[in-house]
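start.pdb (PDB, C-alpha atoms and all ligand atoms)
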MODEL        1
ATOM      1  CA  MET A1022      -2.669  -0.465  23.244
ATOM      2  CA  SER A1023      -2.684   3.111  21.932
ATOM      3  CA  GLU A1024      -5.945   4.806  20.939
ATOM      4  CA  PRO A1025      -6.829   4.610  17.209
ATOM      5  CA  GLN A1026      -5.678   7.968  15.897
ATOM      6  CA  LEU A1027      -8.228   8.460  13.125
ATOM      7  CA  ALA A1028     -11.290   7.466  15.149
ATOM      8  CA  GLY A1029     -14.371   9.404  14.058
ATOM      9  CA  GLN A1030     -12.643  10.608  10.881
ATOM     10  CA  THR A1031     -13.469   9.910   7.246
ATOM     11  CA  VAL A1032     -10.811   9.205   4.630
ATOM     12  CA  VAL A1033     -11.445   9.214   0.866
ATOM     13  CA  VAL A1034      -8.897   7.251  -1.169
ATOM     14  CA  ILE A1035      -8.804   8.036  -4.878
ATOM     15  CA  GLY A1036      -7.239   4.892  -6.392
ATOM     16  CA  GLY A1037      -8.198   2.828  -3.385
ATOM     17  CA  SER A1038      -8.642  -0.608  -4.960
ATOM     18  CA  ALA A1039      -4.969  -1.565  -5.373
ATOM     19  CA  GLY A1040      -1.376  -0.836  -4.455
ATOM     20  CA  ILE A1041      -0.568   2.206  -2.322
ATOM     21  CA  GLY A1042      -4.181   3.422  -2.103
ATOM     22  CA  LEU A1043      -5.517   0.064  -0.921
ATOM     23  CA  GLU A1044      -2.847  -0.235   1.779
ATOM     24  CA  THR A1045      -3.538   3.340   2.903
ATOM     25  CA  ALA A1046      -7.232   2.495   3.205
ATOM     26  CA  ARG A1047      -6.391  -0.636   5.202
ATOM     27  CA  LEU A1048      -4.164   1.255   7.635
ATOM     28  CA  ALA A1049      -6.574   4.179   7.979
ATOM     29  CA  ARG A1050      -9.278   1.639   8.923
ATOM     30  CA  ALA A1051      -6.933   0.094  11.471
ATOM     31  CA  GLU A1052      -6.552   3.591  12.950
ATOM     32  CA  GLY A1053     -10.320   3.811  13.323
ATOM     33  CA  ALA A1054     -11.249   5.852  10.217
ATOM     34  CA  GLU A1055     -14.226   5.263   7.959
ATOM     35  CA  VAL A1056     -12.943   4.885   4.403
ATOM     36  CA  ILE A1057     -14.479   5.604   1.026
ATOM     37  CA  LEU A1058     -12.774   4.063  -1.990
ATOM     38  CA  VAL A1059     -12.714   5.396  -5.551
ATOM     39  CA  ALA A1060     -11.398   3.577  -8.651
ATOM     40  CA  ARG A1061     -12.571   2.666 -12.145
ATOM     41  CA  ASP A1062     -12.900  -1.144 -12.166
ATOM     42  CA  ARG A1063     -16.040  -1.830 -10.156
ATOM     43  CA  GLU A1064     -15.357  -5.501  -9.457
ATOM     44  CA  ARG A1065     -11.850  -4.938  -8.074
ATOM     45  CA  LEU A1066     -13.176  -1.942  -6.136
ATOM     46  CA  GLU A1067     -15.903  -3.994  -4.441
ATOM     47  CA  ARG A1068     -13.366  -6.713  -3.567
ATOM     48  CA  ALA A1069     -11.066  -4.117  -1.998
ATOM     49  CA  ALA A1070     -13.980  -2.505  -0.155
ATOM     50  CA  SER A1071     -15.086  -5.739   1.485
ATOM     51  CA  GLU A1072     -11.453  -6.606   2.300
ATOM     52  CA  VAL A1073     -10.897  -3.389   4.258
ATOM     53  CA  GLY A1074     -14.475  -2.802   5.441
ATOM     54  CA  ALA A1075     -15.006   0.415   3.481
ATOM     55  CA  ARG A1076     -18.048   2.573   4.248
ATOM     56  CA  SER A1077     -18.777   3.079   0.538
ATOM     57  CA  THR A1078     -17.263   3.046  -2.938
ATOM     58  CA  ALA A1079     -17.557   5.039  -6.155
ATOM     59  CA  ALA A1080     -16.576   3.530  -9.502
ATOM     60  CA  LEU A1081     -15.418   6.445 -11.645
ATOM     61  CA  ASP A1082     -12.495   7.779 -13.637
ATOM     62  CA  ALA A1083     -10.975  10.430 -11.378
ATOM     63  CA  THR A1084      -9.611  12.306 -14.399
ATOM     64  CA  ASP A1085     -13.240  12.972 -15.416
ATOM     65  CA  GLY A1086     -13.821  16.344 -13.696
ATOM     66  CA  GLY A1087     -17.630  16.090 -13.922
ATOM     67  CA  ALA A1088     -17.740  12.623 -12.355
ATOM     68  CA  LEU A1089     -15.373  13.729  -9.593
ATOM     69  CA  ALA A1090     -17.467  16.822  -8.802
ATOM     70  CA  GLN A1091     -20.646  14.737  -8.688
ATOM     71  CA  PHE A1092     -18.965  12.216  -6.378
ATOM     72  CA  PHE A1093     -17.884  14.814  -3.796
ATOM     73  CA  GLU A1094     -21.209  16.653  -4.036
ATOM     74  CA  GLY A1095     -23.084  13.428  -3.290
ATOM     75  CA  LEU A1096     -20.983  12.480  -0.269
ATOM     76  CA  PRO A1097     -23.044  12.650   2.905
ATOM     77  CA  GLY A1098     -21.492  14.512   5.835
ATOM     78  CA  GLN A1099     -17.996  15.878   6.218
ATOM     79  CA  ILE A1100     -14.666  14.352   5.297
ATOM     80  CA  ASP A1101     -11.286  14.678   6.952
ATOM     81  CA  HIS A1102      -8.655  13.368   4.563
ATOM     82  CA  VAL A1103      -8.241  12.646   0.871
ATOM     83  CA  MET A1104      -5.459  10.491  -0.541
ATOM     84  CA  VAL A1105      -4.861  11.038  -4.258
ATOM     85  CA  THR A1106      -3.188   8.143  -6.095
ATOM     86  CA  GLY A1107      -4.612   6.968  -9.411
ATOM     87  CA  PRO A1108      -3.099   7.227 -12.865
ATOM     88  CA  GLY A1109       0.396   5.884 -13.382
ATOM     89  CA  PRO A1110       3.314   7.551 -15.180
ATOM     90  CA  ASN A1111       3.908   8.052 -18.882
ATOM     91  CA  TYR A1112       7.229   6.801 -20.251
ATOM     92  CA  VAL A1113       6.852   7.845 -23.927
ATOM     93  CA  PRO A1114      10.137   9.416 -25.209
ATOM     94  CA  LEU A1115       9.770  13.208 -25.440
ATOM     95  CA  LEU A1116      10.394  13.456 -29.175
ATOM     96  CA  GLU A1117       7.651  10.917 -29.801
ATOM     97  CA  MET A1118       5.057  12.879 -27.817
ATOM     98  CA  THR A1119       2.427  15.062 -29.444
ATOM     99  CA  ALA A1120       1.771  18.505 -27.943
ATOM    100  CA  ASP A1121      -1.416  17.157 -26.369
ATOM    101  CA  GLN A1122       0.388  14.171 -24.838
ATOM    102  CA  LEU A1123       2.968  16.561 -23.388
ATOM    103  CA  ARG A1124       0.299  18.841 -21.872
ATOM    104  CA  HIS A1125      -1.451  15.794 -20.497
ATOM    105  CA  GLY A1126       1.778  14.230 -19.234
ATOM    106  CA  VAL A1127       2.794  17.334 -17.284
ATOM    107  CA  GLY A1128      -0.674  18.484 -16.280
ATOM    108  CA  ASN A1129      -2.436  15.211 -15.564
ATOM    109  CA  HIS A1130      -1.569  14.921 -11.891
ATOM    110  CA  LEU A1131      -1.828  18.654 -11.225
ATOM    111  CA  VAL A1132      -5.300  18.842 -12.753
ATOM    112  CA  LEU A1133      -6.412  15.772 -10.781
ATOM    113  CA  THR A1134      -5.048  17.278  -7.555
ATOM    114  CA  LEU A1135      -6.706  20.620  -8.217
ATOM    115  CA  GLU A1136     -10.072  19.058  -9.075
ATOM    116  CA  VAL A1137      -9.948  16.881  -5.962
ATOM    117  CA  ALA A1138      -9.020  19.854  -3.785
ATOM    118  CA  ARG A1139     -11.624  22.161  -5.324
ATOM    119  CA  ASN A1140     -14.447  19.668  -4.942
ATOM    120  CA  ALA A1141     -13.448  18.200  -1.599
ATOM    121  CA  ALA A1142     -12.681  21.498   0.151
ATOM    122  CA  PRO A1143     -16.276  22.526   0.957
ATOM    123  CA  LYS A1144     -16.753  19.221   2.797
ATOM    124  CA  MET A1145     -13.463  19.106   4.654
ATOM    125  CA  ARG A1146     -12.906  19.816   8.312
ATOM    126  CA  PRO A1147     -10.155  22.283   9.359
ATOM    127  CA  GLY A1148      -6.900  20.413   9.954
ATOM    128  CA  GLY A1149      -7.918  17.748   7.438
ATOM    129  CA  SER A1150      -5.548  16.894   4.633
ATOM    130  CA  VAL A1151      -5.069  16.186   0.953
ATOM    131  CA  THR A1152      -2.107  13.887   0.278
ATOM    132  CA  VAL A1153      -0.881  13.547  -3.276
ATOM    133  CA  MET A1154       1.238  10.693  -4.639
ATOM    134  CA  GLY A1155       4.272  11.998  -6.471
ATOM    135  CA  GLY A1156       7.628  10.427  -7.197
ATOM    136  CA  VAL A1157      11.351  10.894  -6.752
ATOM    137  CA  GLY A1158      11.700  10.971 -10.562
ATOM    138  CA  GLY A1159      11.872  14.756 -10.341
ATOM    139  CA  ARG A1160      15.053  14.575  -8.261
ATOM    140  CA  ARG A1161      17.046  12.793 -10.947
ATOM    141  CA  ILE A1162      16.635  13.164 -14.692
ATOM    142  CA  VAL A1163      15.263  10.124 -16.490
ATOM    143  CA  PRO A1164      14.177   9.961 -20.156
ATOM    144  CA  GLY A1165      10.660  11.121 -21.048
ATOM    145  CA  ILE A1166       8.230  13.375 -19.234
ATOM    146  CA  TYR A1167       8.380  11.656 -15.822
ATOM    147  CA  SER A1168      11.045  13.910 -14.256
ATOM    148  CA  ALA A1169       9.334  17.140 -15.309
ATOM    149  CA  ALA A1170       5.876  15.869 -14.377
ATOM    150  CA  THR A1171       6.885  14.794 -10.855
ATOM    151  CA  ALA A1172       9.098  17.864 -10.269
ATOM    152  CA  ALA A1173       6.042  20.079 -10.790
ATOM    153  CA  ILE A1174       3.986  18.445  -8.043
ATOM    154  CA  PRO A1175       5.763  19.696  -4.850
ATOM    155  CA  PRO A1176       5.616  23.459  -5.621
ATOM    156  CA  PHE A1177       2.066  23.051  -6.924
ATOM    157  CA  ALA A1178       0.995  21.323  -3.729
ATOM    158  CA  GLY A1179       2.775  23.994  -1.669
ATOM    159  CA  SER A1180       0.855  26.765  -3.397
ATOM    160  CA  LEU A1181      -2.364  24.827  -3.004
ATOM    161  CA  ALA A1182      -1.649  24.416   0.716
ATOM    162  CA  ILE A1183      -1.649  28.222   1.054
ATOM    163  CA  GLU A1184      -5.013  28.540  -0.677
ATOM    164  CA  LEU A1185      -6.632  25.543   0.997
ATOM    165  CA  ALA A1186      -5.580  26.335   4.584
ATOM    166  CA  PRO A1187      -6.620  25.335   7.219
ATOM    167  CA  VAL A1188      -6.942  22.128   5.191
ATOM    168  CA  ARG A1189      -3.403  20.779   4.676
ATOM    169  CA  VAL A1190      -1.779  19.610   1.426
ATOM    170  CA  ASN A1191       1.287  17.365   1.244
ATOM    171  CA  VAL A1192       3.093  15.174  -1.282
ATOM    172  CA  ILE A1193       4.582  11.716  -0.950
ATOM    173  CA  ALA A1194       7.479  11.238  -3.372
ATOM    174  CA  ALA A1195       8.035   7.509  -3.752
ATOM    175  CA  GLY A1196      10.749   5.570  -5.513
ATOM    176  CA  PHE A1197      10.048   2.005  -6.615
ATOM    177  CA  VAL A1198       7.107   0.552  -4.670
ATOM    178  CA  ASP A1199       6.161  -3.099  -5.178
ATOM    179  CA  THR A1200       2.594  -2.688  -6.448
ATOM    180  CA  PRO A1201       0.460  -4.043  -9.309
ATOM    181  CA  LEU A1202       1.476  -0.901 -11.246
ATOM    182  CA  SER A1203       5.186  -1.742 -10.927
ATOM    183  CA  ALA A1204       4.416  -5.348 -11.905
ATOM    184  CA  SER A1205       2.569  -4.209 -15.015
ATOM    185  CA  ILE A1206       5.346  -1.796 -16.043
ATOM    186  CA  LEU A1207       8.190  -4.269 -15.491
ATOM    187  CA  GLY A1208       6.477  -7.465 -16.673
ATOM    188  CA  ASP A1209       9.008 -10.317 -16.798
ATOM    189  CA  ASP A1210      11.742  -8.033 -15.406
ATOM    190  CA  LEU A1211       9.954  -7.563 -12.043
ATOM    191  CA  ASP A1212      11.899 -10.201 -10.104
ATOM    192  CA  LYS A1213      15.203  -8.997 -11.581
ATOM    193  CA  ARG A1214      14.391  -5.441 -10.433
ATOM    194  CA  ARG A1215      13.393  -6.639  -6.942
ATOM    195  CA  ASP A1216      16.686  -8.539  -6.630
ATOM    196  CA  GLU A1217      18.667  -5.545  -7.828
ATOM    197  CA  LEU A1218      16.945  -3.273  -5.290
ATOM    198  CA  ARG A1219      17.539  -5.748  -2.440
ATOM    199  CA  ARG A1220      21.236  -5.774  -3.345
ATOM    200  CA  THR A1221      21.695  -2.023  -3.883
ATOM    201  CA  LEU A1222      19.248  -0.101  -1.676
ATOM    202  CA  PRO A1223      20.661   1.045   1.678
ATOM    203  CA  ILE A1224      17.626  -0.530   3.405
ATOM    204  CA  GLY A1225      18.411  -3.942   1.880
ATOM    205  CA  ARG A1226      14.800  -4.592   0.897
ATOM    206  CA  VAL A1227      12.132  -3.407  -1.488
ATOM    207  CA  VAL A1228       9.729  -0.617  -0.451
ATOM    208  CA  GLU A1229       6.217  -2.061  -0.032
ATOM    209  CA  PRO A1230       2.825  -0.342  -0.320
ATOM    210  CA  ALA A1231       2.426  -0.693   3.460
ATOM    211  CA  ASP A1232       5.575   1.456   3.947
ATOM    212  CA  VAL A1233       4.000   4.254   1.926
ATOM    213  CA  ALA A1234       0.651   3.781   3.659
ATOM    214  CA  ALA A1235       2.345   4.283   7.045
ATOM    215  CA  LEU A1236       3.683   7.630   5.838
ATOM    216  CA  ALA A1237       0.322   8.621   4.326
ATOM    217  CA  VAL A1238      -1.526   7.903   7.569
ATOM    218  CA  HIS A1239       1.110   9.749   9.595
ATOM    219  CA  ILE A1240       0.577  12.812   7.379
ATOM    220  CA  MET A1241      -3.165  12.601   8.064
ATOM    221  CA  ILE A1242      -2.639  12.380  11.812
ATOM    222  CA  ASN A1243       0.134  14.967  12.256
ATOM    223  CA  THR A1244      -1.590  18.336  11.939
ATOM    224  CA  ALA A1245       1.751  20.199  11.849
ATOM    225  CA  LEU A1246       2.442  18.972   8.304
ATOM    226  CA  THR A1247       1.455  21.060   5.312
ATOM    227  CA  GLY A1248       2.953  22.248   2.023
ATOM    228  CA  ALA A1249       5.714  19.651   2.242
ATOM    229  CA  THR A1250       7.020  16.724   0.218
ATOM    230  CA  TYR A1251       8.176  13.520   1.911
ATOM    231  CA  ASP A1252      10.523  11.171   0.069
ATOM    232  CA  ILE A1253      10.131   7.439   0.602
ATOM    233  CA  ASP A1254      12.467   5.424  -1.592
ATOM    234  CA  GLY A1255      14.602   3.202   0.650
ATOM    235  CA  GLY A1256      17.600   5.368  -0.241
ATOM    236  CA  GLN A1257      17.197   4.887  -4.031
ATOM    237  CA  GLN A1258      18.444   8.435  -4.639
ATOM    238  CA  LEU A1259      21.699   7.635  -2.839
ATOM    239  CA  VAL A1260      22.551   4.788  -5.182
ATOM    240  CA  PRO A1261      24.730   5.878  -8.125
TER     241      PRO A1261
HETATM  242  N1  LIG B1301       4.417   1.967  -7.590
HETATM  243  C1  LIG B1301       5.402   2.811  -7.634
HETATM  244  O1  LIG B1301       6.582   2.421  -7.721
HETATM  245  C2  LIG B1301       5.125   4.300  -7.581
HETATM  246  C3  LIG B1301       6.199   5.169  -7.376
HETATM  247  C4  LIG B1301       5.981   6.539  -7.344
HETATM  248  C5  LIG B1301       4.698   7.025  -7.546
HETATM  249  N2  LIG B1301       3.663   6.170  -7.757
HETATM  250  C6  LIG B1301       2.334   6.737  -8.001
HETATM  251  O2  LIG B1301       1.439   6.335  -6.990
HETATM  252  C7  LIG B1301       0.133   6.198  -7.523
HETATM  253  C8  LIG B1301      -0.398   4.812  -7.151
HETATM  254  O3  LIG B1301       0.488   3.851  -7.656
HETATM  255  P1  LIG B1301       0.307   2.284  -7.377
HETATM  256  O4  LIG B1301       1.622   1.705  -7.691
HETATM  257  O5  LIG B1301      -0.350   2.054  -6.094
HETATM  258  O6  LIG B1301      -0.699   1.918  -8.582
HETATM  259  P2  LIG B1301      -1.685   0.657  -8.772
HETATM  260  O7  LIG B1301      -1.185  -0.507  -8.006
HETATM  261  O8  LIG B1301      -1.864   0.531 -10.239
HETATM  262  O9  LIG B1301      -3.059   1.180  -8.135
HETATM  263  C9  LIG B1301      -3.653   2.294  -8.709
HETATM  264  C10 LIG B1301      -5.040   2.500  -8.151
HETATM  265  O10 LIG B1301      -5.586   3.672  -8.739
HETATM  266  C11 LIG B1301      -6.776   3.353  -9.488
HETATM  267  N3  LIG B1301      -6.799   4.243 -10.655
HETATM  268  C12 LIG B1301      -5.910   4.315 -11.665
HETATM  269  N4  LIG B1301      -6.280   5.243 -12.543
HETATM  270  C13 LIG B1301      -7.435   5.777 -12.076
HETATM  271  C14 LIG B1301      -8.321   6.763 -12.541
HETATM  272  N5  LIG B1301      -8.095   7.407 -13.690
HETATM  273  N6  LIG B1301      -9.415   7.071 -11.807
HETATM  274  C15 LIG B1301      -9.666   6.421 -10.640
HETATM  275  N7  LIG B1301      -8.859   5.470 -10.147
HETATM  276  C16 LIG B1301      -7.763   5.152 -10.851
HETATM  277  C17 LIG B1301      -6.641   1.867  -9.787
HETATM  278  O11 LIG B1301      -7.858   1.208 -10.006
HETATM  279  P3  LIG B1301      -8.557   1.187 -11.487
HETATM  280  O12 LIG B1301      -7.467   0.811 -12.456
HETATM  281  O13 LIG B1301      -9.648   0.188 -11.368
HETATM  282  O14 LIG B1301      -9.066   2.560 -11.727
HETATM  283  C18 LIG B1301      -6.002   1.377  -8.493
HETATM  284  O15 LIG B1301      -6.984   1.300  -7.477
HETATM  285  C19 LIG B1301       0.257   6.442  -9.032
HETATM  286  O16 LIG B1301      -0.113   7.765  -9.293
HETATM  287  C20 LIG B1301       1.721   6.216  -9.304
HETATM  288  O17 LIG B1301       2.182   6.951 -10.422
HETATM  289  C21 LIG B1301       3.843   4.810  -7.763
ENDMDL
END
Can you turn what I pasted into structure tokens?
Amino acid sequence: MSEPQLAGQTVVVIGGSAGIGLETARLARAEGAEVILVARDRERLERAASEVGARSTAALDATDGGALAQFFEGLPGQIDHVMVTGPGPNYVPLLEMTADQLRHGVGNHLVLTLEVARNAAPKMRPGGSVTVMGGVGGRRIVPGIYSAATAAIPPFAGSLAIELAPVRVNVIAAGFVDTPLSASILGDDLDKRRDELRRTLPIGRVVEPADVAALAVHIMINTALTGATYDIDGGQQLVP
């Protein structure tokens, strides 16, 4: 048996009650970390917290800068890692977007990342990390704001990594991951999409939240990683 690699460390998961965040919390716990979960729906959050044995929870909207600042300020002690998941993508066609929706669509994730970094930084230990969920949508053009919004995350995180050092900043760029978010977006087409991915992806299976969690926890553990973006899509980009 190898030693738990996050023993004595504290991990905050923004969006920790479902999908990728919940699996990251579960795996971080298995590696010996204490975890603190943040999400909006209190009931689902408490269920997730007891499932993984979280140290504490905070029910708040992470896009509310004031609530986020208050949360980090009130955290006792130091923290080591923050995983930023949270709000899902916006698929409104560009010509149907208002100027405000466009600003929000592009800026949403960057603002969230910045506010997390700004407020978490004073509490973080050197060598700790902020890991941001992005997507591979920026690698291939799809309709709407998704490509532009995800393409902006890697250089933003790189610049932030310079300013936040010795705390590290990295991005996970995922393709389709089988989470409640994907289920809600695809509705009745979910099984059709899963079948299509099993047939076409080079890995011959669908990427699961636990796959992404394994990458997220590796990024926390490996102190050589900063300013970088890691794709995890089962080879989705290779499929014509
Ligand atoms: N699934 C994919 O295929 C995929 C691919 C690429 C990138 N991503 C990105 O990865 C992130 C996580 O995706 P997921 O599939 O794991 O989503 P999910 O299954 O819907 O889980 C999202 C989690 O974030 C919380 N959350 C959402 N909005 C929030 C907010 N404003 N403030 C605080 N917590 C919030 C949710 O709880 P509450 O609703 O209770 O707040 C939940 O705990 C998203 O940013 C998504 O865009 C997902």
Each residue of chain A lying at most 8 Å from ligand LIG 1301 (chain B) should get a row with its shortest atom-to-atom pair and the distance in Å to one decimal, counting only C-alpha atoms and all ligand atoms; could you produce that, ordered by chain and increasing number, as JSON lines?
{"residue": "A:Ile1035", "atom": "CA", "partner": "B:LIG1301", "partner_atom": "N7", "distance": 5.9}
{"residue": "A:Gly1036", "atom": "CA", "partner": "B:LIG1301", "partner_atom": "O10", "distance": 3.1}
{"residue": "A:Gly1037", "atom": "CA", "partner": "B:LIG1301", "partner_atom": "O15", "distance": 4.5}
{"residue": "A:Ser1038", "atom": "CA", "partner": "B:LIG1301", "partner_atom": "O15", "distance": 3.6}
{"residue": "A:Ala1039", "atom": "CA", "partner": "B:LIG1301", "partner_atom": "O15", "distance": 4.1}
{"residue": "A:Gly1040", "atom": "CA", "partner": "B:LIG1301", "partner_atom": "O5", "distance": 3.5}
{"residue": "A:Ile1041", "atom": "CA", "partner": "B:LIG1301", "partner_atom": "O5", "distance": 3.8}
{"residue": "A:Gly1042", "atom": "CA", "partner": "B:LIG1301", "partner_atom": "O5", "distance": 5.7}
{"residue": "A:Leu1043", "atom": "CA", "partner": "B:LIG1301", "partner_atom": "O15", "distance": 6.8}
{"residue": "A:Val1059", "atom": "CA", "partner": "B:LIG1301", "partner_atom": "N7", "distance": 6.0}
{"residue": "A:Ala1060", "atom": "CA", "partner": "B:LIG1301", "partner_atom": "N7", "distance": 3.5}
{"residue": "A:Arg1061", "atom": "CA", "partner": "B:LIG1301", "partner_atom": "O14", "distance": 3.5}
{"residue": "A:Asp1062", "atom": "CA", "partner": "B:LIG1301", "partner_atom": "O13", "distance": 3.6}
{"residue": "A:Arg1063", "atom": "CA", "partner": "B:LIG1301", "partner_atom": "O13", "distance": 6.8}
{"residue": "A:Arg1065", "atom": "CA", "partner": "B:LIG1301", "partner_atom": "O13", "distance": 6.5}
{"residue": "A:Leu1066", "atom": "CA", "partner": "B:LIG1301", "partner_atom": "O13", "distance": 6.7}
{"residue": "A:Ala1080", "atom": "CA", "partner": "B:LIG1301", "partner_atom": "C15", "distance": 7.6}
{"residue": "A:Leu1081", "atom": "CA", "partner": "B:LIG1301", "partner_atom": "C15", "distance": 5.8}
{"residue": "A:Asp1082", "atom": "CA", "partner": "B:LIG1301", "partner_atom": "N6", "distance": 3.7}
{"residue": "A:Ala1083", "atom": "CA", "partner": "B:LIG1301", "partner_atom": "N6", "distance": 3.7}
{"residue": "A:Thr1084", "atom": "CA", "partner": "B:LIG1301", "partner_atom": "N5", "distance": 5.2}
{"residue": "A:Asp1085", "atom": "CA", "partner": "B:LIG1301", "partner_atom": "N5", "distance": 7.8}
{"residue": "A:Val1105", "atom": "CA", "partner": "B:LIG1301", "partner_atom": "O16", "distance": 7.7}
{"residue": "A:Thr1106", "atom": "CA", "partner": "B:LIG1301", "partner_atom": "C7", "distance": 4.1}
{"residue": "A:Gly1107", "atom": "CA", "partner": "B:LIG1301", "partner_atom": "O10", "distance": 3.5}
{"residue": "A:Pro1108", "atom": "CA", "partner": "B:LIG1301", "partner_atom": "N4", "distance": 3.8}
{"residue": "A:Gly1109", "atom": "CA", "partner": "B:LIG1301", "partner_atom": "O17", "distance": 3.6}
{"residue": "A:Pro1110", "atom": "CA", "partner": "B:LIG1301", "partner_atom": "O17", "distance": 4.9}
{"residue": "A:His1130", "atom": "CA", "partner": "B:LIG1301", "partner_atom": "O16", "distance": 7.8}
{"residue": "A:Met1154", "atom": "CA", "partner": "B:LIG1301", "partner_atom": "O2", "distance": 5.0}
{"residue": "A:Gly1155", "atom": "CA", "partner": "B:LIG1301", "partner_atom": "C5", "distance": 5.1}
{"residue": "A:Gly1156", "atom": "CA", "partner": "B:LIG1301", "partner_atom": "C4", "distance": 4.2}
{"residue": "A:Val1157", "atom": "CA", "partner": "B:LIG1301", "partner_atom": "C4", "distance": 6.9}
{"residue": "A:Gly1158", "atom": "CA", "partner": "B:LIG1301", "partner_atom": "C4", "distance": 7.9}
{"residue": "A:Ala1194", "atom": "CA", "partner": "B:LIG1301", "partner_atom": "C4", "distance": 6.3}
{"residue": "A:Ala1195", "atom": "CA", "partner": "B:LIG1301", "partner_atom": "C4", "distance": 4.2}
{"residue": "A:Gly1196", "atom": "CA", "partner": "B:LIG1301", "partner_atom": "C3", "distance": 4.9}
{"residue": "A:Phe1197", "atom": "CA", "partner": "B:LIG1301", "partner_atom": "O1", "distance": 3.7}
{"residue": "A:Val1198", "atom": "CA", "partner": "B:LIG1301", "partner_atom": "O1", "distance": 3.6}
{"residue": "A:Asp1199", "atom": "CA", "partner": "B:LIG1301", "partner_atom": "N1", "distance": 5.9}
{"residue": "A:Thr1200", "atom": "CA", "partner": "B:LIG1301", "partner_atom": "O7", "distance": 4.6}
{"residue": "A:Pro1201", "atom": "CA", "partner": "B:LIG1301", "partner_atom": "O7", "distance": 4.1}
{"residue": "A:Leu1202", "atom": "CA", "partner": "B:LIG1301", "partner_atom": "O8", "distance": 3.8}
{"residue": "A:Ser1203", "atom": "CA", "partner": "B:LIG1301", "partner_atom": "N1", "distance": 5.0}
{"residue": "A:Pro1230", "atom": "CA", "partner": "B:LIG1301", "partner_atom": "O5", "distance": 7.0}
Considering only C-alpha atoms, state which residue in the set A:Leu1222, A:Val1153, A:Ala1173, A:Val1233 is at the smallest distance from A:Thr1247.
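Once distances to A:Thr1247 are computed over only C-alpha atoms, the minimum belongs to A:Val1153.
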Run through the PyMOL selection byres (((chain A and resi 1186) around 10) and not hetatm) on the given coordinates and return the selected residues as a ChimeraX atom specification.
/A:1142,1147-1150,1181-1185,1187-1190,1247-1248
Mind working out the centre and edge lengths of an axis-aligned box for stretch 1110-1122 of chain A, all listed atoms inside, 4 Å added to each side, rounded to one decimal in Å and written as lines of an AutoDock Vina configuration file?
center_x = 4.5
center_y = 12.7
center_z = -22.5
size_x = 19.8
size_y = 19.7
size_z = 22.6
Looking at A:Lys1144, A:Val1032, A:Val1151, A:Arg1161, which one is nearest to A:Ile1240, with distances taken over only C-alpha atoms?
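Using only C-alpha atoms, the shortest distance to A:Ile1240 belongs to A:Val1151.
Here atom CA of A:Gly1179 stands at a distance of 16.8 Å from atom CA of A:Asn1243.
Each of A:Val1238, A:Ile1100, A:Met1118, A:Val1056 was checked against A:Arg1146 using only C-alpha atoms; the smallest atom-to-atom distance is that of A:Ile1100.
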